[in-house]
Each structure stands twice: as C-alpha cells, then as structure tokens.
file entry35.csv (CSV, N, CA and C atoms)
chain,number,residue,atom,x,y,z
A,205,MET,N,0.9,-1.2,0.0
A,205,MET,CA,0.0,0.0,0.0
A,205,MET,C,0.9,1.2,0.0
A,206,CYS,N,0.5,2.2,-0.8
A,206,CYS,CA,1.3,3.5,-0.8
A,206,CYS,C,0.3,4.6,-0.6
A,207,ILE,N,0.7,5.5,0.3
A,207,ILE,CA,-0.1,6.7,0.6
A,207,ILE,C,0.7,8.0,0.5
A,208,THR,N,0.0,9.1,0.3
A,208,THR,CA,0.7,10.4,0.4
A,208,THR,C,1.0,10.6,1.9
A,209,ALA,N,2.0,11.4,2.2
A,209,ALA,CA,2.4,11.7,3.6
A,209,ALA,C,1.5,12.7,4.3
A,210,GLU,N,0.3,12.2,4.6
A,210,GLU,CA,-0.7,13.0,5.2
A,210,GLU,C,-1.3,12.2,6.4
A,211,LEU,N,-1.4,12.8,7.6
A,211,LEU,CA,-1.9,12.1,8.8
A,211,LEU,C,-3.3,11.7,8.6
A,212,GLN,N,-4.1,12.4,7.8
A,212,GLN,CA,-5.5,12.0,7.6
A,212,GLN,C,-5.7,10.7,6.9
A,213,ARG,N,-4.6,10.1,6.4
A,213,ARG,CA,-4.6,8.8,5.7
A,213,ARG,C,-4.4,7.6,6.7
A,214,LEU,N,-4.2,8.0,8.0
A,214,LEU,CA,-4.0,6.9,9.0
A,214,LEU,C,-5.1,5.9,9.2
A,215,PRO,N,-6.4,6.3,9.1
A,215,PRO,CA,-7.5,5.3,9.2
A,215,PRO,C,-7.3,4.2,8.1
A,216,GLU,N,-6.9,4.6,6.9
A,216,GLU,CA,-6.6,3.6,5.8
A,216,GLU,C,-5.5,2.6,6.3
A,217,ILE,N,-4.5,3.1,6.9
A,217,ILE,CA,-3.4,2.3,7.4
A,217,ILE,C,-3.9,1.3,8.4
A,218,ARG,N,-4.7,1.8,9.4
A,218,ARG,CA,-5.2,0.9,10.4
A,218,ARG,C,-6.1,-0.1,9.8
A,219,SER,N,-6.9,0.2,8.8
A,219,SER,CA,-7.8,-0.8,8.2
A,219,SER,C,-6.9,-1.8,7.4
A,220,PHE,N,-5.9,-1.4,6.7
A,220,PHE,CA,-5.0,-2.3,6.0
A,220,PHE,C,-4.4,-3.3,7.0
A,221,ALA,N,-3.8,-2.7,8.1
A,221,ALA,CA,-3.2,-3.6,9.1
A,221,ALA,C,-4.1,-4.6,9.7
A,222,ASP,N,-5.4,-4.1,10.0
A,222,ASP,CA,-6.4,-5.0,10.6
A,222,ASP,C,-6.7,-6.1,9.6
A,223,THR,N,-6.9,-5.8,8.4
A,223,THR,CA,-7.2,-6.8,7.4
A,223,THR,C,-6.1,-7.8,7.3
A,224,CYS,N,-4.9,-7.4,7.2
A,224,CYS,CA,-3.7,-8.3,7.2
A,224,CYS,C,-3.7,-9.2,8.4
A,225,ALA,N,-3.8,-8.6,9.6
A,225,ALA,CA,-3.7,-9.3,10.8
A,225,ALA,C,-4.9,-10.3,11.0
A,226,ARG,N,-6.1,-10.0,10.5
A,226,ARG,CA,-7.2,-10.9,10.6
A,226,ARG,C,-6.9,-12.1,9.7
A,227,ALA,N,-6.5,-11.8,8.4
A,227,ALA,CA,-6.2,-12.9,7.5
A,227,ALA,C,-5.1,-13.8,8.0
A,228,PHE,N,-4.2,-13.2,8.8
A,228,PHE,CA,-3.0,-14.0,9.3
A,228,PHE,C,-3.5,-14.9,10.5
A,229,GLY,N,-4.7,-14.6,11.1
A,229,GLY,CA,-5.2,-15.4,12.1
A,229,GLY,C,-5.1,-14.8,13.6
A,230,PHE,N,-4.8,-13.6,13.7
A,230,PHE,CA,-4.7,-13.0,15.0
A,230,PHE,C,-6.1,-12.7,15.6
A,231,ASP,N,-6.2,-12.7,16.9
A,231,ASP,CA,-7.4,-12.4,17.6
A,231,ASP,C,-7.6,-10.9,17.7
A,232,GLU,N,-8.7,-10.5,18.2
A,232,GLU,CA,-9.1,-9.0,18.2
A,232,GLU,C,-8.1,-8.2,19.0
A,233,GLU,N,-7.7,-8.7,20.1
A,233,GLU,CA,-6.8,-8.0,21.0
A,233,GLU,C,-5.4,-7.7,20.3
A,234,VAL,N,-4.9,-8.7,19.7
A,234,VAL,CA,-3.6,-8.6,19.0
A,234,VAL,C,-3.7,-7.7,17.8
A,235,ARG,N,-4.9,-7.9,17.1
A,235,ARG,CA,-5.1,-7.0,15.9
A,235,ARG,C,-5.1,-5.6,16.3
A,236,TYR,N,-5.7,-5.2,17.5
A,236,TYR,CA,-5.6,-3.9,17.9
A,236,TYR,C,-4.2,-3.4,18.2
A,237,GLN,N,-3.4,-4.2,18.7
A,237,GLN,CA,-2.0,-3.9,19.0
A,237,GLN,C,-1.3,-3.6,17.6
A,238,ILE,N,-1.5,-4.5,16.7
A,238,ILE,CA,-0.9,-4.3,15.3
A,238,ILE,C,-1.4,-3.0,14.7
A,239,LYS,N,-2.7,-2.7,14.8
A,239,LYS,CA,-3.2,-1.5,14.2
A,239,LYS,C,-2.5,-0.3,14.8
A,240,MET,N,-2.4,-0.3,16.1
A,240,MET,CA,-1.7,0.8,16.8
A,240,MET,C,-0.3,1.0,16.4
A,241,ALA,N,0.4,-0.2,16.3
A,241,ALA,CA,1.8,-0.1,15.8
A,241,ALA,C,1.9,0.4,14.4
A,242,ALA,N,1.1,0.0,13.5
A,242,ALA,CA,1.1,0.5,12.1
A,242,ALA,C,0.8,2.0,12.1
A,243,SER,N,-0.2,2.4,12.9
A,243,SER,CA,-0.5,3.8,12.9
A,243,SER,C,0.6,4.7,13.4
A,244,GLU,N,1.3,4.2,14.5
A,244,GLU,CA,2.4,4.9,15.0
A,244,GLU,C,3.6,5.0,14.0
A,245,ALA,N,3.9,3.9,13.4
A,245,ALA,CA,5.0,3.8,12.4
A,245,ALA,C,4.7,4.7,11.3
A,246,VAL,N,3.5,4.7,10.7
A,246,VAL,CA,3.2,5.6,9.6
A,246,VAL,C,3.2,7.0,10.0
A,247,ALA,N,2.6,7.3,11.1
A,247,ALA,CA,2.6,8.7,11.6
A,247,ALA,C,4.0,9.3,11.7
A,248,ASN,N,4.9,8.4,12.2
A,248,ASN,CA,6.3,8.9,12.3
A,248,ASN,C,6.9,9.1,11.0
A,249,ALA,N,6.6,8.2,10.0
A,249,ALA,CA,7.1,8.3,8.7
A,249,ALA,C,6.6,9.6,8.0
A,250,VAL,N,5.3,10.0,8.3
A,250,VAL,CA,4.8,11.2,7.7
A,250,VAL,C,5.4,12.4,8.4
A,251,GLU,N,5.5,12.4,9.7
A,251,GLU,CA,6.0,13.6,10.4
A,251,GLU,C,7.5,13.8,10.3
A,252,HIS,N,8.3,12.7,10.3
A,252,HIS,CA,9.7,12.8,10.4
A,252,HIS,C,10.5,12.3,9.1
A,253,GLY,N,9.8,11.5,8.3
A,253,GLY,CA,10.5,10.9,7.2
A,253,GLY,C,10.0,11.4,5.8
A,254,SER,N,9.3,12.5,5.8
A,254,SER,CA,8.8,13.0,4.5
A,254,SER,C,9.0,14.5,4.4
A,255,ASP,N,9.1,15.1,3.2
A,255,ASP,CA,9.3,16.5,3.1
A,255,ASP,C,8.1,17.2,2.7
A,256,GLY,N,6.9,16.6,2.9
A,256,GLY,CA,5.7,17.3,2.6
A,256,GLY,C,4.6,16.3,2.2
A,257,PRO,N,3.4,16.8,2.1
A,257,PRO,CA,2.2,15.9,1.8
A,257,PRO,C,2.3,15.2,0.4
A,258,SER,N,3.1,15.6,-0.5
A,258,SER,CA,3.2,14.9,-1.8
A,258,SER,C,4.2,13.8,-1.7
A,259,ALA,N,5.0,13.7,-0.6
A,259,ALA,CA,5.9,12.5,-0.5
A,259,ALA,C,5.1,11.2,-0.3
A,260,GLN,N,5.7,10.1,-0.6
A,260,GLN,CA,5.0,8.8,-0.5
A,260,GLN,C,5.6,8.1,0.7
A,261,VAL,N,4.7,7.3,1.3
A,261,VAL,CA,5.0,6.4,2.4
A,261,VAL,C,4.4,5.1,2.0
A,262,ARG,N,5.3,4.0,2.0
A,262,ARG,CA,4.8,2.7,1.6
A,262,ARG,C,4.8,1.8,2.8
A,263,ILE,N,3.7,1.0,2.8
A,263,ILE,CA,3.6,-0.1,3.9
A,263,ILE,C,3.3,-1.4,3.2
A,264,ARG,N,4.0,-2.4,3.6
A,264,ARG,CA,3.6,-3.7,3.1
A,264,ARG,C,3.7,-4.7,4.2
A,265,ALA,N,2.9,-5.8,4.1
A,265,ALA,CA,2.8,-6.8,5.1
A,265,ALA,C,3.3,-8.1,4.4
A,266,VAL,N,4.1,-8.8,5.2
A,266,VAL,CA,4.7,-10.0,4.7
A,266,VAL,C,4.6,-11.2,5.7
A,267,ASP,N,4.2,-12.3,5.2
A,267,ASP,CA,4.2,-13.5,6.0
A,267,ASP,C,5.7,-14.1,6.0
A,268,GLU,N,6.3,-14.0,7.2
A,268,GLU,CA,7.7,-14.5,7.3
A,268,GLU,C,7.7,-15.8,8.2
A,269,GLY,N,6.9,-16.8,7.8
A,269,GLY,CA,7.0,-18.0,8.5
A,269,GLY,C,6.6,-18.0,9.9
A,270,GLY,N,5.4,-17.7,10.2
A,270,GLY,CA,4.9,-17.6,11.6
A,270,GLY,C,5.0,-16.2,12.2
A,271,LEU,N,5.6,-15.3,11.5
A,271,LEU,CA,5.6,-13.8,11.9
A,271,LEU,C,4.8,-13.1,10.8
A,272,LEU,N,4.0,-12.1,11.2
A,272,LEU,CA,3.5,-11.1,10.3
A,272,LEU,C,4.3,-9.9,10.4
A,273,ALA,N,5.0,-9.6,9.4
A,273,ALA,CA,6.0,-8.4,9.4
A,273,ALA,C,5.4,-7.3,8.5
A,274,PHE,N,5.5,-6.1,9.0
A,274,PHE,CA,5.2,-4.9,8.3
A,274,PHE,C,6.4,-4.1,8.0
A,275,TYR,N,6.5,-3.5,6.8
A,275,TYR,CA,7.6,-2.7,6.4
A,275,TYR,C,7.0,-1.3,6.1
A,276,VAL,N,7.5,-0.3,6.7
A,276,VAL,CA,7.1,1.1,6.5
A,276,VAL,C,8.3,1.8,5.9
A,277,THR,N,8.2,2.3,4.7
A,277,THR,CA,9.3,3.0,4.1
A,277,THR,C,8.9,4.4,3.7
A,278,ASP,N,9.8,5.3,4.1
A,278,ASP,CA,9.7,6.7,3.7
A,278,ASP,C,10.9,7.2,3.0
A,279,SER,N,11.0,8.5,2.6
A,279,SER,CA,12.1,9.0,1.9
A,279,SER,C,13.1,9.8,2.8
A,280,GLY,N,12.9,9.7,4.1
A,280,GLY,CA,13.8,10.4,5.0
A,280,GLY,C,15.0,9.6,5.4
A,281,SER,N,15.8,10.3,6.2
A,281,SER,CA,17.0,9.6,6.8
A,281,SER,C,16.8,9.6,8.3
A,282,PHE,N,17.1,8.4,8.9
A,282,PHE,CA,16.9,8.2,10.3
A,282,PHE,C,18.2,8.6,11.0
A,283,VAL,N,18.1,9.5,12.0
A,283,VAL,CA,19.2,9.9,12.8
A,283,VAL,C,18.9,9.5,14.3
A,284,PRO,N,19.6,8.5,14.8
A,284,PRO,CA,19.3,8.0,16.1
A,284,PRO,C,19.6,9.1,17.2
A,285,ARG,N,18.8,9.1,18.2
A,285,ARG,CA,19.1,10.1,19.3
A,285,ARG,C,20.2,9.5,20.1
A,286,ILE,N,21.2,10.4,20.5
A,286,ILE,CA,22.3,10.0,21.2
A,286,ILE,C,22.1,10.0,22.7
A,287,ALA,N,21.4,11.0,23.2
A,287,ALA,CA,21.2,11.2,24.6
A,287,ALA,C,19.7,11.1,24.9
A,288,PRO,N,19.3,10.4,26.0
A,288,PRO,CA,17.9,10.4,26.3
A,288,PRO,C,17.4,11.8,26.7
A,289,ARG,N,16.1,12.0,26.6
A,289,ARG,CA,15.5,13.3,26.9
A,289,ARG,C,14.9,13.4,28.3
A,290,GLY,N,15.2,12.4,29.1
A,290,GLY,CA,14.6,12.5,30.5
A,290,GLY,C,13.7,11.3,30.7
A,291,ALA,N,13.2,11.2,31.9
A,291,ALA,CA,12.4,10.1,32.3
A,291,ALA,C,11.1,10.0,31.6
A,292,LEU,N,10.4,11.1,31.4
A,292,LEU,CA,9.1,11.1,30.7
A,292,LEU,C,9.1,12.2,29.6
A,293,PRO,N,9.8,12.1,28.5
A,293,PRO,CA,9.8,13.1,27.5
A,293,PRO,C,8.5,13.2,26.8
A,294,GLU,N,8.2,14.4,26.3
A,294,GLU,CA,7.0,14.7,25.7
A,294,GLU,C,6.8,13.9,24.3
A,295,ARG,N,8.0,13.8,23.7
A,295,ARG,CA,8.0,13.1,22.4
A,295,ARG,C,9.1,12.1,22.3
A,296,GLY,N,9.2,11.3,21.3
A,296,GLY,CA,10.4,10.5,21.1
A,296,GLY,C,10.3,9.1,21.7
A,297,ARG,N,9.1,8.7,22.0
A,297,ARG,CA,8.9,7.3,22.5
A,297,ARG,C,8.3,6.3,21.6
A,298,GLY,N,8.2,6.7,20.3
A,298,GLY,CA,7.5,5.9,19.3
A,298,GLY,C,8.1,4.5,19.2
A,299,LEU,N,9.5,4.4,19.1
A,299,LEU,CA,10.1,3.1,18.9
A,299,LEU,C,9.9,2.2,20.2
A,300,ALA,N,10.0,2.9,21.4
A,300,ALA,CA,9.8,2.1,22.6
A,300,ALA,C,8.3,1.6,22.6
A,301,PHE,N,7.4,2.4,22.2
A,301,PHE,CA,6.0,2.0,22.1
A,301,PHE,C,5.8,0.8,21.2
A,302,LEU,N,6.4,0.9,20.0
A,302,LEU,CA,6.4,-0.2,19.1
A,302,LEU,C,7.0,-1.5,19.7
A,303,GLY,N,8.1,-1.3,20.4
A,303,GLY,CA,8.7,-2.4,21.1
A,303,GLY,C,7.8,-3.1,22.1
A,304,GLN,N,7.0,-2.4,22.7
A,304,GLN,CA,6.0,-3.0,23.7
A,304,GLN,C,4.9,-3.7,23.0
A,305,LEU,N,4.5,-3.3,21.8
A,305,LEU,CA,3.4,-3.9,21.1
A,305,LEU,C,3.8,-5.1,20.3
A,306,MET,N,5.0,-5.0,19.7
A,306,MET,CA,5.4,-6.0,18.7
A,306,MET,C,6.5,-6.9,19.3
A,307,ASP,N,6.7,-8.0,18.6
A,307,ASP,CA,7.8,-9.0,19.0
A,307,ASP,C,9.1,-8.6,18.5
A,308,GLU,N,9.2,-7.9,17.3
A,308,GLU,CA,10.4,-7.5,16.7
A,308,GLU,C,10.2,-6.1,16.1
A,309,VAL,N,11.2,-5.2,16.3
A,309,VAL,CA,11.2,-3.9,15.7
A,309,VAL,C,12.7,-3.6,15.3
A,310,ASP,N,12.8,-3.1,14.1
A,310,ASP,CA,14.2,-2.6,13.7
A,310,ASP,C,14.1,-1.6,12.6
A,311,ILE,N,15.1,-0.7,12.5
A,311,ILE,CA,15.1,0.4,11.5
A,311,ILE,C,16.3,0.1,10.6
A,312,ARG,N,16.0,0.3,9.3
A,312,ARG,CA,17.0,0.1,8.3
A,312,ARG,C,17.2,1.4,7.5
A,313,PRO,N,18.1,2.3,7.9
A,313,PRO,CA,18.3,3.5,7.1
A,313,PRO,C,19.0,3.1,5.7
A,314,GLY,N,18.7,3.8,4.7
A,314,GLY,CA,19.3,3.5,3.4
A,314,GLY,C,19.5,4.8,2.6
A,315,PRO,N,20.1,4.7,1.5
A,315,PRO,CA,20.5,5.8,0.7
A,315,PRO,C,19.3,6.6,0.2
A,316,THR,N,18.2,6.0,0.0
A,316,THR,CA,17.0,6.7,-0.6
A,316,THR,C,15.8,6.8,0.4
A,317,GLY,N,16.1,6.4,1.7
A,317,GLY,CA,15.0,6.5,2.7
A,317,GLY,C,15.2,5.5,3.8
A,318,THR,N,14.2,5.4,4.7
A,318,THR,CA,14.3,4.6,5.9
A,318,THR,C,13.2,3.6,5.9
A,319,THR,N,13.5,2.4,6.3
A,319,THR,CA,12.5,1.4,6.4
A,319,THR,C,12.4,0.9,7.8
A,320,LEU,N,11.2,0.9,8.4
A,320,LEU,CA,11.0,0.4,9.7
A,320,LEU,C,10.2,-0.9,9.6
A,321,ARG,N,10.8,-1.9,10.2
A,321,ARG,CA,10.2,-3.2,10.2
A,321,ARG,C,9.7,-3.6,11.6
A,322,PHE,N,8.5,-4.0,11.7
A,322,PHE,CA,7.9,-4.5,12.9
A,322,PHE,C,7.1,-5.8,12.7
A,323,ALA,N,7.2,-6.7,13.6
A,323,ALA,CA,6.6,-8.0,13.4
A,323,ALA,C,6.0,-8.6,14.6
A,324,LYS,N,4.9,-9.4,14.5
A,324,LYS,CA,4.3,-10.1,15.5
A,324,LYS,C,4.2,-11.6,15.2
A,325,ARG,N,4.5,-12.4,16.2
A,325,ARG,CA,4.5,-13.8,16.1
A,325,ARG,C,3.1,-14.3,16.3
A,326,LEU,N,2.6,-15.2,15.5
A,326,LEU,CA,1.3,-15.8,15.7
A,326,LEU,C,1.2,-16.7,16.9

call {"tool": "encode", "arguments": {"input": "entry35.csv", "output": "structure tokens"}}
result
Amino acid sequence: MCITAELQRLPEIRSFADTCARAFGFDEEVRYQIKMAASEAVANAVEHGSDGPSAQVRIRAVDEGGLLAFYVTDSGSFVPRIAPRGALPERGRGLAFLGQLMDEVDIRPGPTGTTLRFAKRL
C-alpha cells in the first residue's frame, strides 16, 4: 500500500493492518496492537520521514513463516538520538511504544529512505 504523507490517511493504514492481521489469524486484542503499531509507524514516517504531503509512504505486510511483518518505508533519513530526553519526554517514545506492542522492531536506514520493520508472532 502506498499513501501520500498525510496524517488523515492513518485510518486507511489501520484498516489495512487489521485486514492483514485478521487474514493471518490474530485475535481481536492482538489485531488492535498491530493497528496501533502500524498507525504509530506511519505517523512517524509522515512527520519525520517526508518532506511534505506529496511525499510517498509505503507499507507492506509479509508472512515471514509464523511472523506477520510490516515494512514502512519513507524518503527520509533516520538519525538516532544519542542522549535520552529524560524520564518522561513529551515526544520520542515511538520506537519504545512499538517495542512494547510487537515482538520485533528494527530500523533500516538506506540511501533513498528509511524502512521500519515490525513483526508479531502468531
């Protein structure tokens, strides 16, 4: 699925994630976790990985042998934070949030953009 980098497209992403998770066999509670993870990942790609609403954000779901993996790709470059922002920062907790919801989370910066992969085991 490919969308323009606009936050109002997030309901489509949640619907896509739910459809994929349901087809994979996840129950309602886990599907909710997956929808929230997809929404957070794409919101971050829109806010931090695009240079405006005409930019593209791609999301794909892949069956990886017992894992349902999602790949969110944007055109931005990922710069890891070196120092923490304190015990309860206002922002910057998206990856930690994804880590709580999903079984696997990793970021793959590349020359033409950044891909965030997150996966849930059935």

call {"tool": "closest_residue", "arguments": {"input": "entry35.csv", "among": "A:Ala249, A:Met205, A:Ala241, A:Ala265", "to": "A:Cys224", "atoms": "only N, CA and C atoms"}}
result
A:Ala265

call {"tool": "atom_distance", "arguments": {"input": "entry35.csv", "atom1": "atom CA of A:Ala209", "atom2": "atom CA of A:Glu308"}}
result
24.6 Å

call {"tool": "atom_distance", "arguments": {"input": "entry35.csv", "atom1": "atom C of A:Gln212", "atom2": "atom N of A:Arg262"}}
result
13.8 Å

call {"tool": "select_by_dssp", "arguments": {"input": "entry35.csv", "residues": "chain A", "states": "strand (DSSP E)", "output": "JSON, numbers by chain"}}
result
{"A": [206, 207, 208, 260, 261, 262, 263, 264, 265, 266, 267, 271, 272, 273, 274, 275, 276, 277, 278, 308, 309, 310, 311, 312, 313, 314, 317, 318, 319, 320, 321, 322, 323, 324, 325]}

call {"tool": "closest_residue", "arguments": {"input": "entry35.csv", "among": "A:Ile311, A:Leu299, A:Ala227, A:Ala323", "to": "A:Glu244", "atoms": "only N, CA and C atoms"}}
result
A:Leu299

call {"tool": "atom_distance", "arguments": {"input": "entry35.csv", "atom1": "atom N of A:Ser258", "atom2": "atom N of A:Glu210"}}
result
6.7 Å

call {"tool": "select_by_dssp", "arguments": {"input": "entry35.csv", "residues": "chain A", "states": "alpha helix (DSSP H)", "output": "PyMOL selection string"}}
result
chain A and resi 214-228+232-252+298-305

call {"tool": "closest_residue", "arguments": {"input": "entry35.csv", "among": "A:Val234, A:Asp267, A:Leu211, A:Thr318", "to": "A:Glu251", "atoms": "all atoms listed in the file"}}
result
A:Leu211

call {"tool": "closest_residue", "arguments": {"input": "entry35.csv", "among": "A:Asn248, A:Thr208, A:Ser219, A:Gln237", "to": "A:Val261", "atoms": "only N, CA and C atoms"}}
result
A:Thr208

call {"tool": "residues_around", "arguments": {"input": "entry35.csv", "residues": "A:Phe322", "least_positions_apart": "2", "cutoff": "6.5 Å", "atoms": "only N, CA and C atoms", "output": "JSON, numbers by chain"}}
result
{"A": [272, 273, 274, 275, 276, 306, 307, 308, 309, 310, 320, 324]}

call {"tool": "write_last_selection", "arguments": {"input": "entry35.csv", "atoms": "N, CA and C atoms", "output": "PDB file, in the frame of the given file"}}
result
ATOM      1  N   LEU A 272       4.000 -12.100  11.200  1.00  0.00           N
ATOM      2  CA  LEU A 272       3.500 -11.100  10.300  1.00  0.00           C
ATOM      3  C   LEU A 272       4.300  -9.900  10.400  1.00  0.00           C
ATOM      4  N   ALA A 273       5.000  -9.600   9.400  1.00  0.00           N
ATOM      5  CA  ALA A 273       6.000  -8.400   9.400  1.00  0.00           C
ATOM      6  C   ALA A 273       5.400  -7.300   8.500  1.00  0.00           C
ATOM      7  N   PHE A 274       5.500  -6.100   9.000  1.00  0.00           N
ATOM      8  CA  PHE A 274       5.200  -4.900   8.300  1.00  0.00           C
ATOM      9  C   PHE A 274       6.400  -4.100   8.000  1.00  0.00           C
ATOM     10  N   TYR A 275       6.500  -3.500   6.800  1.00  0.00           N
ATOM     11  CA  TYR A 275       7.600  -2.700   6.400  1.00  0.00           C
ATOM     12  C   TYR A 275       7.000  -1.300   6.100  1.00  0.00           C
ATOM     13  N   VAL A 276       7.500  -0.300   6.700  1.00  0.00           N
ATOM     14  CA  VAL A 276       7.100   1.100   6.500  1.00  0.00           C
ATOM     15  C   VAL A 276       8.300   1.800   5.900  1.00  0.00           C
ATOM     16  N   MET A 306       5.000  -5.000  19.700  1.00  0.00           N
ATOM     17  CA  MET A 306       5.400  -6.000  18.700  1.00  0.00           C
ATOM     18  C   MET A 306       6.500  -6.900  19.300  1.00  0.00           C
ATOM     19  N   ASP A 307       6.700  -8.000  18.600  1.00  0.00           N
ATOM     20  CA  ASP A 307       7.800  -9.000  19.000  1.00  0.00           C
ATOM     21  C   ASP A 307       9.100  -8.600  18.500  1.00  0.00           C
ATOM     22  N   GLU A 308       9.200  -7.900  17.300  1.00  0.00           N
ATOM     23  CA  GLU A 308      10.400  -7.500  16.700  1.00  0.00           C
ATOM     24  C   GLU A 308      10.200  -6.100  16.100  1.00  0.00           C
ATOM     25  N   VAL A 309      11.200  -5.200  16.300  1.00  0.00           N
ATOM     26  CA  VAL A 309      11.200  -3.900  15.700  1.00  0.00           C
ATOM     27  C   VAL A 309      12.700  -3.600  15.300  1.00  0.00           C
ATOM     28  N   ASP A 310      12.800  -3.100  14.100  1.00  0.00           N
ATOM     29  CA  ASP A 310      14.200  -2.600  13.700  1.00  0.00           C
ATOM     30  C   ASP A 310      14.100  -1.600  12.600  1.00  0.00           C
ATOM     31  N   LEU A 320      11.200   0.900   8.400  1.00  0.00           N
ATOM     32  CA  LEU A 320      11.000   0.400   9.700  1.00  0.00           C
ATOM     33  C   LEU A 320      10.200  -0.900   9.600  1.00  0.00           C
ATOM     34  N   LYS A 324       4.900  -9.400  14.500  1.00  0.00           N
ATOM     35  CA  LYS A 324       4.300 -10.100  15.500  1.00  0.00           C
ATOM     36  C   LYS A 324       4.200 -11.600  15.200  1.00  0.00           C
TER      37      LYS A 324
END

call {"tool": "closest_residue", "arguments": {"input": "entry35.csv", "among": "A:Pro315, A:Gly253, A:Gly229, A:Gly303", "to": "A:Thr277", "atoms": "only C-alpha atoms"}}
result
A:Gly253

call {"tool": "closest_residue", "arguments": {"input": "entry35.csv", "among": "A:Gln304, A:His252, A:Gly317, A:Arg226", "to": "A:Asp278", "atoms": "all atoms listed in the file"}}
result
A:Gly317
